[in-house]
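Contents: one structure, followed by commentary.
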Amino acid sequence: MLLVFHGPSCSGKSTVAGIIAQRTGASVWTGSDYLRLAKSEPSAWLQFMTVLERAAAAAVFDSDSVIFVHTGSLPHGRFLPDGPAVRTLRFTAAQEVLEARFAPRVGGRVSPAISAMLARSSETARRTPADEEYDTSVRSAEAIAEELMSSLRQ
């Protein structure tokens, strides 16, 4: 099974993915991790697509499953597999929550430019199709991971 997590920075995607991976053995790929598969970006993407397609072909969520976590859009002209074993999950959080989570990354204070970047990223995520949406400003990563794992077992 392939789970695709997307949303703005600090929306909880990686935290939830890490909890699920720790409990199930599924692999987590974030952002441009796929670039380590080959020397050139096009070759790396082709190899990564093989990994994703293999995961997308399995109807059961297990240690061979993949969680792909990304912020923003995919590399130019790239796409992800589709099918019944692919679930796309959007992660969101209130603007003030995103800023509070982002602040430690930038010395404790979020500039207007970073605030605007987070707002744009949130809007992009909202426009991106998803099967499910999780607001991490009102629910813990642990609760979301537990709900997801329960739904994957059904």
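Going through the structure tokens in order, the chains are called A, B, and so on, while each chain numbers its residues from 1 and the ligands are numbered from 1 in the order shown.
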- With a distance cut-off of 6 Å and only C-alpha atoms, select the neighbouring residues of stretch 41-56 of chain A, excluding the residue or stretch itself and same-chain residues fewer than 2 positions from it, and output the selection as a count of residues only. 11
Surrounding residues of stretch 67-76 of chain A excluding itself and chain neighbours under 6 positions, 6 Å, only C-alpha atoms, as a short mmCIF file (atom, residue, chain, number, x, y, z; two decimals) with N, CA and C atoms, in the first residue's frame:
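Writing the result to out-v2.cif gives the following:
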```cif
data_model
loop_
_atom_site.label_atom_id
_atom_site.label_comp_id
_atom_site.auth_asym_id
_atom_site.auth_seq_id
_atom_site.Cartn_x
_atom_site.Cartn_y
_atom_site.Cartn_z
N LEU A 2 0.41 2.27 -0.64
CA LEU A 2 1.13 3.54 -0.71
C LEU A 2 0.28 4.61 -0.03
N LEU A 3 0.85 5.26 0.96
CA LEU A 3 0.22 6.41 1.59
C LEU A 3 1.01 7.64 1.18
N VAL A 4 0.32 8.66 0.71
CA VAL A 4 0.94 9.91 0.31
C VAL A 4 0.46 10.98 1.29
N PHE A 5 1.39 11.53 2.07
CA PHE A 5 1.08 12.57 3.03
C PHE A 5 1.54 13.90 2.44
N HIS A 6 0.66 14.88 2.38
CA HIS A 6 1.09 16.19 1.91
C HIS A 6 0.47 17.27 2.78
N GLY A 7 1.11 18.42 2.78
CA GLY A 7 0.64 19.55 3.57
C GLY A 7 1.79 20.50 3.81
N PRO A 8 1.51 21.61 4.47
CA PRO A 8 2.56 22.60 4.72
C PRO A 8 3.59 22.11 5.74
N VAL A 28 9.49 5.17 5.04
CA VAL A 28 9.09 6.57 4.86
C VAL A 28 10.09 7.24 3.94
N TRP A 29 9.56 7.88 2.92
CA TRP A 29 10.36 8.68 1.99
C TRP A 29 9.85 10.11 2.09
N THR A 30 10.76 11.04 2.29
CA THR A 30 10.34 12.44 2.39
C THR A 30 10.98 13.26 1.28
N GLY A 31 10.25 14.27 0.84
CA GLY A 31 10.78 15.23 -0.12
C GLY A 31 11.56 14.62 -1.26
#
```
- Test item: residues at most 12 Å from A:Ile144, only C-alpha atoms, excluding those fewer than 5 positions along its chain, as number ranges by chain: A: 12-13, 15-20, 89-91, 132-139, 149-151
Please dump the current selection as a JSON list (two decimals), in the first residue's frame; keep C-alpha atoms.
```json
[["chain", "number", "residue", "atom", "x", "y", "z"],
["A", 12, "GLY", "CA", 2.56, 16.90, 11.40],
["A", 13, "LYS", "CA", 3.11, 14.78, 8.29],
["A", 15, "THR", "CA", 5.57, 12.94, 12.87],
["A", 16, "VAL", "CA", 2.55, 10.79, 11.97],
["A", 17, "ALA", "CA", 4.56, 8.94, 9.30],
["A", 18, "GLY", "CA", 7.28, 8.18, 11.85],
["A", 19, "ILE", "CA", 4.82, 6.77, 14.37],
["A", 20, "ILE", "CA", 3.19, 4.54, 11.74],
["A", 89, "LEU", "CA", -3.81, 12.29, 3.07],
["A", 90, "ARG", "CA", -3.75, 16.05, 3.55],
["A", 91, "PHE", "CA", -2.33, 17.43, 6.79],
["A", 132, "GLU", "CA", -8.72, 12.34, 3.78],
["A", 133, "GLU", "CA", -7.71, 15.42, 5.75],
["A", 134, "TYR", "CA", -6.23, 15.64, 9.24],
["A", 135, "ASP", "CA", -6.04, 18.87, 11.22],
["A", 136, "THR", "CA", -3.17, 18.49, 13.66],
["A", 137, "SER", "CA", -4.02, 21.68, 15.51],
["A", 138, "VAL", "CA", -6.97, 19.89, 17.11],
["A", 139, "ARG", "CA", -5.72, 16.29, 17.27],
["A", 149, "MET", "CA", -3.54, 2.34, 11.43],
["A", 150, "SER", "CA", -6.97, 1.17, 12.54],
["A", 151, "SER", "CA", -8.47, 2.09, 9.16]]
```
- Item | Å distance separating atom CA of A:Ala119 from atom CA of A:Phe102, one decimal place |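 Rounded to one decimal, the two atoms are 12.3 Å apart.
In this model, the gap between atom CA of A:Arg126 and atom CA of A:Val97 comes to 16.4 Å.
Of the listed residues A:Val110, A:Glu99, A:Arg153, A:Thr88, the one whose atoms come nearest to A:Pro129 is A:Thr88, with distances taken using only C-alpha atoms.
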- Choose the residue, out of A:Ala130, A:Met117, A:Val60, A:Cys10, that has the smallest atom-to-atom separation from A:Ala93; count only C-alpha atoms.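 Among the listed residues, A:Cys10 lies closest to A:Ala93.
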- Given only C-alpha atoms as the counted atoms, nearest of A:Thr92, A:Ser122, A:Gln154, A:Ser140 to A:Ser11: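 For A:Ser11, the nearest of the candidates is A:Thr92.
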- as a ChimeraX atom specification, please: all residues of stretch 32-77 of chain A that backbone DSSP puts in strand (DSSP E or B). /A:66-70
- Query: Any idea what the distance is between atom CA of A:Ala21 and atom CA of A:Gln95?
  - Reply: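 These atoms are spaced 27.2 Å apart.
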- Task: Taking the chain letters and numbering used in this document, name the residues of stretch 13-152 of chain A that DSSP puts in alpha helix (DSSP H), as a ChimeraX atom specification.
- Result: /A:13-24,41-56,95-102,112-127,141-152
